[in-house]
file my_file_30.cif (mmCIF, C-alpha atoms and all ligand atoms)
data_my_file
#
loop_
_atom_site.label_atom_id
_atom_site.label_comp_id
_atom_site.auth_asym_id
_atom_site.auth_seq_id
_atom_site.Cartn_x
_atom_site.Cartn_y
_atom_site.Cartn_z
CA MET F 346 73.72 74.69 47.31
CA ALA F 347 70.94 72.30 48.23
CA ILE F 348 70.08 69.42 46.00
CA ALA F 349 66.62 67.94 46.36
CA THR F 350 66.50 64.37 47.59
CA GLU F 351 64.46 63.44 44.53
CA GLU F 352 67.19 64.76 42.28
CA LEU F 353 69.85 62.76 44.10
CA LEU F 354 67.81 59.62 43.89
CA HIS F 355 67.18 60.23 40.25
CA LEU F 356 70.93 60.47 39.75
CA LEU F 357 71.25 57.23 41.59
CA ASN F 358 68.82 55.40 39.40
CA ARG F 359 71.04 52.52 38.47
CA ARG F 360 70.35 52.61 34.76
CA ARG F 361 71.16 56.29 34.41
CA PHE F 362 74.13 56.35 36.71
CA LEU F 363 75.92 53.28 35.46
CA ALA F 364 75.29 54.30 31.87
CA GLY F 365 77.21 57.48 32.62
CA SER F 366 80.01 55.86 34.58
CA THR F 367 82.24 54.66 31.75
CA ALA F 368 84.17 57.93 31.94
CA LEU F 369 85.28 57.19 35.52
CA ALA F 370 88.71 55.96 34.59
CA ALA F 371 90.74 58.33 36.74
CA VAL F 372 93.54 56.60 38.60
CA PRO F 373 92.82 56.97 42.31
CA LEU F 374 95.49 58.55 44.48
CA MET F 375 95.75 55.97 47.21
CA SER F 376 96.39 58.48 49.96
CA TRP F 377 93.87 56.71 52.17
CA LYS F 378 95.17 53.56 53.78
CA ALA F 379 92.37 51.33 52.52
CA LEU F 380 92.82 47.60 52.47
CA ALA F 381 90.95 45.23 50.25
CA GLN F 382 89.68 42.14 51.99
CA SER F 383 92.16 39.47 51.05
CA ALA F 384 91.67 35.76 51.76
CA ALA F 385 92.56 36.57 55.36
CA PRO F 386 90.08 39.17 56.59
CA PHE F 387 90.62 41.73 59.36
CA VAL F 388 89.89 40.12 62.74
CA PHE F 389 90.16 41.74 66.15
CA LYS F 390 89.28 41.00 69.78
CA GLN F 391 87.01 43.30 71.73
CA GLY F 392 86.78 42.09 75.31
CA ASP F 393 85.44 38.55 75.10
CA ALA F 394 84.11 39.07 71.57
CA GLU F 395 85.91 38.36 68.33
CA ILE F 396 85.01 40.51 65.35
CA THR F 397 85.69 39.67 61.73
CA VAL F 398 85.12 42.49 59.25
CA VAL F 399 83.73 40.91 56.08
CA SER F 400 83.53 43.04 52.95
CA ASP F 401 80.38 43.26 50.87
CA GLY F 402 82.39 45.14 48.23
CA GLU F 403 81.87 48.81 47.51
CA LEU F 404 79.24 51.17 46.18
CA ALA F 405 79.48 53.84 43.48
CA LEU F 406 77.52 57.04 44.20
CA PRO F 407 77.62 60.54 42.74
CA LEU F 408 80.29 62.33 44.79
CA ASN F 409 78.06 65.18 45.94
CA VAL F 410 75.68 62.73 47.64
CA MET F 411 78.36 62.30 50.34
CA ALA F 412 78.36 66.00 51.23
CA VAL F 413 75.56 68.00 49.68
CA ASP F 414 76.76 71.21 51.37
CA ALA F 415 80.40 70.98 50.27
CA SER F 416 81.83 73.28 47.59
CA PRO F 417 83.24 71.72 44.38
CA GLU F 418 86.73 72.44 45.74
CA GLN F 419 85.96 70.71 49.04
CA LEU F 420 84.46 67.74 47.20
CA ALA F 421 87.58 67.47 45.02
CA GLU F 422 89.76 67.48 48.14
CA ILE F 423 87.65 64.74 49.75
CA ALA F 424 87.78 62.58 46.61
CA LYS F 425 91.56 62.99 46.48
CA HIS F 426 92.04 62.00 50.12
CA MET F 427 89.71 59.04 49.78
CA GLY F 428 91.44 57.83 46.62
CA TRP F 429 88.19 58.13 44.66
CA PRO F 430 87.66 59.26 41.07
CA ALA F 431 86.81 62.96 40.68
CA ASP F 432 83.03 62.56 40.45
CA THR F 433 82.29 59.28 42.22
CA ALA F 434 82.17 58.27 45.86
CA LYS F 435 83.14 54.63 46.35
CA PRO F 436 82.25 53.82 49.94
CA HIS F 437 83.12 50.33 51.13
CA ALA F 438 80.57 48.09 52.82
CA ASN F 439 82.12 46.49 55.92
CA VAL F 440 79.91 43.87 57.54
CA PRO F 441 80.87 43.09 61.16
CA VAL F 442 80.58 39.42 62.15
CA ILE F 443 80.67 39.28 65.95
CA LYS F 444 81.31 36.09 67.90
CA ILE F 445 80.09 36.42 71.50
CA ALA F 446 79.80 33.28 73.63
CA ASN F 447 77.69 30.89 71.50
CA ASP F 448 76.36 33.56 69.15
CA VAL F 449 77.58 34.51 65.68
CA ILE F 450 76.01 37.90 64.95
CA VAL F 451 76.02 39.68 61.59
CA VAL F 452 75.28 43.41 61.41
CA ASP F 453 73.41 43.97 58.11
CA ASN F 454 73.68 41.59 55.20
CA GLY F 455 74.74 43.80 52.30
CA SER F 456 73.30 44.44 48.86
CA GLY F 457 72.94 40.94 47.46
CA ASN F 458 72.87 40.81 43.66
CA LYS F 459 70.15 43.41 43.40
CA PHE F 460 71.75 46.86 43.85
CA GLN F 461 75.13 47.56 42.25
CA PRO F 462 77.60 45.20 40.53
CA THR F 463 80.53 46.25 42.77
CA ALA F 464 78.60 45.24 45.92
CA GLY F 465 76.98 41.99 47.03
CA LYS F 466 80.24 40.18 47.79
CA LEU F 467 79.30 39.15 51.35
CA ALA F 468 78.63 35.47 50.65
CA GLU F 469 81.90 34.90 48.80
CA ASN F 470 83.91 36.85 51.38
CA LEU F 471 82.28 34.95 54.26
CA SER F 472 83.41 31.79 52.54
CA ALA F 473 86.95 33.21 52.17
CA ALA F 474 86.86 34.02 55.90
CA GLY F 475 85.81 30.46 56.75
CA ILE F 476 82.43 31.55 58.13
CA ASP F 477 79.50 29.27 57.27
CA PRO F 478 76.29 31.34 56.79
CA ALA F 479 74.39 28.46 58.42
CA SER F 480 76.36 29.09 61.63
CA VAL F 481 75.04 32.67 61.99
CA THR F 482 72.62 32.81 64.92
CA LYS F 483 71.54 36.47 64.77
CA VAL F 484 71.29 39.21 62.14
CA VAL F 485 70.78 42.83 63.20
CA PHE F 486 69.41 45.27 60.64
CA SER F 487 70.58 48.84 61.29
CA HIS F 488 68.07 50.12 58.76
CA ALA F 489 66.27 48.96 55.62
CA HIS F 490 68.25 50.62 52.81
CA PRO F 491 69.43 48.49 49.84
CA ASP F 492 73.12 48.22 50.82
CA HIS F 493 72.11 46.94 54.27
CA ILE F 494 69.30 44.46 53.67
CA TRP F 495 68.97 43.59 50.00
CA GLY F 496 71.30 40.64 50.60
CA THR F 497 68.66 38.99 52.82
CA SER F 498 67.64 36.39 50.21
CA LYS F 499 69.84 34.57 47.74
CA VAL F 500 69.08 34.23 44.02
CA ASP F 501 67.11 31.04 44.73
CA GLY F 502 64.88 32.93 47.16
CA THR F 503 66.15 31.24 50.33
CA LEU F 504 67.64 33.26 53.17
CA LEU F 505 71.43 33.83 53.13
CA PHE F 506 71.38 33.21 56.90
CA PRO F 507 68.77 30.44 57.20
CA ASN F 508 69.21 29.70 60.90
CA ALA F 509 69.38 33.26 62.22
CA ALA F 510 66.97 35.26 64.35
CA TYR F 511 66.55 38.79 62.96
CA TYR F 512 66.60 42.00 65.02
CA VAL F 513 65.13 45.21 63.63
CA GLY F 514 64.39 48.58 65.21
CA GLU F 515 60.67 48.76 65.90
CA THR F 516 60.33 52.25 64.38
CA GLU F 517 62.22 51.17 61.26
CA TRP F 518 60.03 48.10 60.83
CA ASN F 519 56.82 50.10 61.24
CA PHE F 520 57.96 52.79 58.81
CA TRP F 521 58.89 50.50 55.90
CA THR F 522 56.14 47.89 56.32
CA ASP F 523 53.34 50.49 56.19
CA PRO F 524 51.21 49.24 53.27
CA GLY F 525 50.52 52.84 52.25
CA LEU F 526 54.20 53.87 52.14
CA LEU F 527 54.73 53.43 48.41
CA ALA F 528 51.96 55.90 47.64
CA LYS F 529 53.33 58.43 50.17
CA MET F 530 56.97 58.43 49.03
CA PRO F 531 58.44 60.18 45.98
CA ALA F 532 58.34 57.96 42.89
CA GLU F 533 62.16 57.80 42.88
CA MET F 534 62.02 56.00 46.23
CA GLY F 535 59.83 53.24 44.81
CA ASP F 536 62.61 50.68 44.48
CA PHE F 537 63.83 51.38 48.03
CA VAL F 538 60.32 50.87 49.42
CA LYS F 539 59.63 47.71 47.43
CA GLY F 540 63.05 46.26 48.33
CA ALA F 541 62.62 46.98 52.03
CA GLN F 542 59.13 45.48 52.04
CA ARG F 543 60.33 42.39 50.17
CA ASP F 544 63.25 41.72 52.55
CA LEU F 545 61.46 42.55 55.80
CA ALA F 546 58.60 40.27 54.72
CA ALA F 547 61.15 37.49 54.09
CA VAL F 548 62.14 37.48 57.79
CA LYS F 549 58.80 38.38 59.37
CA ASP F 550 58.45 35.03 61.14
CA LYS F 551 61.93 35.28 62.62
CA VAL F 552 62.00 38.91 63.70
CA THR F 553 62.40 40.50 67.12
CA MET F 554 61.71 44.24 67.42
CA VAL F 555 64.27 46.21 69.40
CA LYS F 556 64.59 49.69 70.91
CA GLY F 557 67.50 51.73 72.24
CA GLY F 558 68.99 50.29 75.42
CA GLN F 559 68.02 46.69 74.67
CA GLU F 560 70.66 44.00 74.26
CA VAL F 561 70.85 41.75 71.21
CA ALA F 562 73.37 39.57 73.04
CA PRO F 563 75.18 40.05 76.37
CA GLY F 564 77.12 43.33 76.02
CA LEU F 565 75.80 44.20 72.54
CA THR F 566 73.39 47.10 73.02
CA VAL F 567 71.08 48.91 70.60
CA LEU F 568 71.44 52.71 70.30
CA ASP F 569 68.51 54.68 68.88
CA THR F 570 70.06 56.92 66.20
CA PRO F 571 67.25 58.09 63.89
CA GLY F 572 67.83 60.65 61.17
CA HIS F 573 69.39 58.72 58.30
CA THR F 574 66.14 56.75 58.31
CA PRO F 575 63.23 57.14 60.76
CA GLY F 576 64.23 54.10 62.82
CA HIS F 577 67.97 53.78 62.21
CA ILE F 578 69.82 51.99 65.03
CA SER F 579 73.52 51.82 65.86
CA LEU F 580 75.23 49.29 68.12
CA GLU F 581 77.58 49.44 71.07
CA LEU F 582 79.67 46.53 72.30
CA ALA F 583 81.05 46.38 75.83
CA GLY F 584 84.52 45.00 76.50
CA GLY F 585 88.02 46.30 75.95
CA GLU F 586 87.87 50.06 75.40
CA GLY F 587 84.28 49.64 74.12
CA LEU F 588 83.18 49.73 70.50
CA ILE F 589 80.59 51.81 68.68
CA MET F 590 79.21 50.78 65.29
CA PRO F 591 77.51 53.96 64.03
CA VAL F 592 76.54 52.40 60.66
CA ASP F 593 74.98 55.13 58.46
CA VAL F 594 74.99 57.86 61.11
CA MET F 595 78.65 58.34 60.07
CA VAL F 596 79.20 57.26 56.48
CA ASN F 597 82.60 58.78 55.75
CA PRO F 598 85.79 59.16 57.81
CA ILE F 599 86.42 62.68 56.54
CA VAL F 600 82.95 64.17 56.10
CA SER F 601 81.22 62.64 59.13
CA PHE F 602 84.05 63.50 61.55
CA GLU F 603 85.31 66.83 60.23
CA HIS F 604 82.03 68.28 58.92
CA PRO F 605 79.30 66.51 60.91
CA GLU F 606 76.84 69.32 60.12
CA TRP F 607 77.00 68.68 56.37
CA LYS F 608 73.97 66.94 54.93
CA PHE F 609 74.39 63.42 53.61
CA GLY F 610 72.19 63.01 50.52
CA PHE F 611 70.39 59.98 51.87
CA ASP F 612 69.57 61.33 55.33
CA ALA F 613 65.80 61.45 55.76
CA ASP F 614 65.86 63.99 58.61
CA HIS F 615 68.91 66.22 58.41
CA ASP F 616 68.70 67.82 61.88
CA GLN F 617 68.20 64.50 63.64
CA ALA F 618 71.05 62.92 61.68
CA VAL F 619 73.44 65.77 62.56
CA LYS F 620 72.51 65.61 66.24
CA ASN F 621 73.14 61.87 66.45
CA ARG F 622 76.31 62.09 64.37
CA LYS F 623 77.80 64.72 66.68
CA ALA F 624 76.71 62.84 69.79
CA LEU F 625 78.32 59.57 68.72
CA ALA F 626 81.60 61.23 67.75
CA ASP F 627 81.65 63.29 70.97
CA ARG F 628 81.16 60.18 73.08
CA ALA F 629 83.67 58.10 71.15
CA ALA F 630 86.31 60.82 71.45
CA ALA F 631 85.63 61.63 75.13
CA ASP F 632 85.56 57.99 76.24
CA LYS F 633 88.26 56.85 73.76
CA LEU F 634 85.92 54.19 72.38
CA LYS F 635 86.87 52.21 69.30
CA MET F 636 84.66 52.65 66.24
CA LEU F 637 83.82 50.42 63.31
CA GLY F 638 82.36 52.19 60.26
CA PHE F 639 80.20 50.32 57.80
CA HIS F 640 81.15 52.56 54.87
CA TRP F 641 84.69 53.58 55.81
CA PRO F 642 87.72 52.20 53.94
CA TYR F 643 88.11 48.51 54.78
CA PRO F 644 88.26 47.44 57.56
CA GLY F 645 86.88 50.72 58.94
CA VAL F 646 88.24 50.35 62.48
CA GLY F 647 89.67 53.32 64.38
CA PHE F 648 89.11 56.15 66.81
CA ALA F 649 87.60 59.65 66.95
CA GLU F 650 90.00 62.36 68.00
CA LYS F 651 88.93 65.86 69.02
CA ASN F 652 90.01 68.42 66.42
CA GLY F 653 88.87 71.98 67.10
CA THR F 654 85.08 72.04 67.21
CA ALA F 655 84.81 68.72 65.36
CA HIS F 656 86.83 65.49 65.19
CA ARG F 657 89.17 63.56 63.00
CA PHE F 658 89.24 59.82 62.35
CA VAL F 659 92.37 57.88 63.18
CA ALA F 660 92.45 54.43 61.59
CA ALA F 661 93.59 51.58 63.84
CA ASN F 662 95.09 49.45 61.05
ZN ZN B 1 74.59 52.44 53.85
#

call {"tool": "encode", "arguments": {"input": "my_file_30.cif", "output": "structure tokens"}}
result
Amino acid sequence: MAIATEELLHLLNRRRFLAGSTALAAVPLMSWKALAQSAAPFVFKQGDAEITVVSDGELALPLNVMAVDASPEQLAEIAKHMGWPADTAKPHANVPVIKIANDVIVVDNGSGNKFQPTAGKLAENLSAAGIDPASVTKVVFSHAHPDHIWGTSKVDGTLLFPNAAYYVGETEWNFWTDPGLLAKMPAEMGDFVKGAQRDLAAVKDKVTMVKGGQEVAPGLTVLDTPGHTPGHISLELAGGEGLIMPVDVMVNPIVSFEHPEWKFGFDADHDQAVKNRKALADRAAADKLKMLGFHWPYPGVGFAEKNGTAHRFVAAN
């Protein structure tokens, strides 16, 4: 059963979706070992780097967006294992803050106060983690969707990370900043386009374009992983067993690992997304690399394990 992207986005229209969400009172079965970020966030060492996983909160999406190809029974099973209500996916938003040598590097800056009321908690959770936004030297944007870059500016219009240099995939930048994009995209994508253009414009004097294979800092390398968006990038960090941050190439620890061929409702190019999803999981499993998932249950750190023709996710916490 295929659902048109337009239909999904229409469902996601905040006004419509939140208006219908008052019935979502089901008590989640906490079968997934998710942690909430407490005052003391999850911190781990990776080689010479130290990584703090800072929560931006969570999103609320129609459940079938997570796996458009899944049957109702499969969706129900996924919701149960994730501890989600029966009709709503509640993916976390885990923002990695990476300290390498003299750099403090943030990967994506969350939703800000502009997307959904359960997200946009990055600033307060940075404060709880004792991280001063003014100390951040670099921000890497994986892609220009709302939950990844709408936190760029604060309510007063100034940048959340005022002293940072910004790194964006060249293809991603060129796609979203095309002045003719709004007219080319479905009307339902209007807010996404306007938001991306607003936030990319806000950092245009501080931006460095990157491509796969380039380093953002010593040992932190860009991976070209288009599909979810035309210029989506992932990151790989050297040191220890190695770490891959797939970001939205792998949005769920069940779906992305066990059913990598299933379409994610927000993937722009399904075939490309599947190819990159499989490739990242294959590599992570074969080389026993650690993984950090932006949308996996907090803190989203673990490993890919081969399981038949696909994989399973094994949380490290
Ligand atoms: Zn996302």

call {"tool": "residues_near_ligand", "arguments": {"input": "my_file_30.cif", "ligand": "ligand ZN 1 (chain B)", "cutoff": "9 Å", "atoms": "all atoms listed in the file", "output": "list in words"}}
result
Pro436, Ala438, Gly455, His488, His490, Pro491, Asp492, His493, Val592, Asp593, Val596, Phe611, Phe639 and His640 of chain F

call {"tool": "atom_distance", "arguments": {"input": "my_file_30.cif", "atom1": "CA of Phe389 in chain F", "atom2": "CA of Gly585 in chain F"}}
result
11.0 Å

call {"tool": "residues_around", "arguments": {"input": "my_file_30.cif", "residues": "Asp432 in chain F", "least_positions_apart": "3", "cutoff": "9 Å", "atoms": "only C-alpha atoms", "output": "ChimeraX atom specification"}}
result
/F:369,406-409,420-421,424,429

call {"tool": "write_last_selection", "arguments": {"input": "my_file_30.cif", "atoms": "C-alpha atoms", "output": "mmCIF file, in the frame of the given file"}}
result
data_model
loop_
_atom_site.group_PDB
_atom_site.id
_atom_site.type_symbol
_atom_site.label_atom_id
_atom_site.label_comp_id
_atom_site.auth_asym_id
_atom_site.auth_seq_id
_atom_site.Cartn_x
_atom_site.Cartn_y
_atom_site.Cartn_z
ATOM 1 C CA LEU F 369 85.280 57.190 35.520
ATOM 2 C CA LEU F 406 77.520 57.040 44.200
ATOM 3 C CA PRO F 407 77.620 60.540 42.740
ATOM 4 C CA LEU F 408 80.290 62.330 44.790
ATOM 5 C CA ASN F 409 78.060 65.180 45.940
ATOM 6 C CA LEU F 420 84.460 67.740 47.200
ATOM 7 C CA ALA F 421 87.580 67.470 45.020
ATOM 8 C CA ALA F 424 87.780 62.580 46.610
ATOM 9 C CA TRP F 429 88.190 58.130 44.660
#

call {"tool": "atom_distance", "arguments": {"input": "my_file_30.cif", "atom1": "CA of Glu581 in chain F", "atom2": "CA of Leu568 in chain F"}}
result
7.0 Å

call {"tool": "residues_around", "arguments": {"input": "my_file_30.cif", "residues": "Glu395 in chain F", "least_positions_apart": "4", "cutoff": "8 Å", "atoms": "all atoms listed in the file", "output": "CSV table (one decimal) with C-alpha atoms, in the coordinates of the input"}}
result
chain,number,residue,atom,x,y,z
F,388,VAL,CA,89.9,40.1,62.7
F,389,PHE,CA,90.2,41.7,66.2
F,390,LYS,CA,89.3,41.0,69.8
F,391,GLN,CA,87.0,43.3,71.7
F,443,ILE,CA,80.7,39.3,66.0
F,444,LYS,CA,81.3,36.1,67.9
F,445,ILE,CA,80.1,36.4,71.5

call {"tool": "atom_distance", "arguments": {"input": "my_file_30.cif", "atom1": "CA of Val484 in chain F", "atom2": "CA of Tyr512 in chain F"}}
result
6.2 Å

call {"tool": "residues_around", "arguments": {"input": "my_file_30.cif", "residues": "range 398-402 of chain F", "least_positions_apart": "6", "cutoff": "7 Å", "atoms": "all atoms listed in the file", "output": "VMD selection string"}}
result
chain F and resid 382 386 to 388 437 to 442 455 463 to 467 470 to 471 644

call {"tool": "closest_residue", "arguments": {"input": "my_file_30.cif", "among": "F:Val500, F:Phe609, F:Ala532, F:Asp614", "to": "Val413 in chain F", "atoms": "only C-alpha atoms"}}
result
F:Phe609

call {"tool": "residues_around", "arguments": {"input": "my_file_30.cif", "residues": "Lys556 in chain F", "least_positions_apart": "5", "cutoff": "10 Å", "atoms": "only C-alpha atoms", "output": "list in words"}}
result
Tyr512, Val513, Gly514, Glu515, Thr516, Thr566, Val567, Leu568, Asp569, Gly576 and Ile578 of chain F

call {"tool": "closest_residue", "arguments": {"input": "my_file_30.cif", "among": "F:Met595, F:Leu404, F:Val452, F:Ala583", "to": "Gly638 in chain F", "atoms": "all atoms listed in the file"}}
result
F:Met595

call {"tool": "residues_around", "arguments": {"input": "my_file_30.cif", "residues": "Trp521 in chain F", "least_positions_apart": "3", "cutoff": "10 Å", "atoms": "only C-alpha atoms", "output": "MDAnalysis selection string"}}
result
chainID F and resid 488:490 516:518 524:527 537:542 545 574:576

call {"tool": "closest_residue", "arguments": {"input": "my_file_30.cif", "among": "F:Ala385, F:Ala547, F:Ala479, F:Ala468", "to": "Ala509 in chain F", "atoms": "all atoms listed in the file"}}
result
F:Ala479

call {"tool": "closest_residue", "arguments": {"input": "my_file_30.cif", "among": "F:Lys425, F:Lys608, F:Lys459, F:Lys483", "to": "Val548 in chain F", "atoms": "only C-alpha atoms"}}
result
F:Lys483

call {"tool": "closest_residue", "arguments": {"input": "my_file_30.cif", "among": "F:Glu606, F:Asp453, F:Asp612, F:Glu533", "to": "Thr570 in chain F", "atoms": "all atoms listed in the file"}}
result
F:Asp612
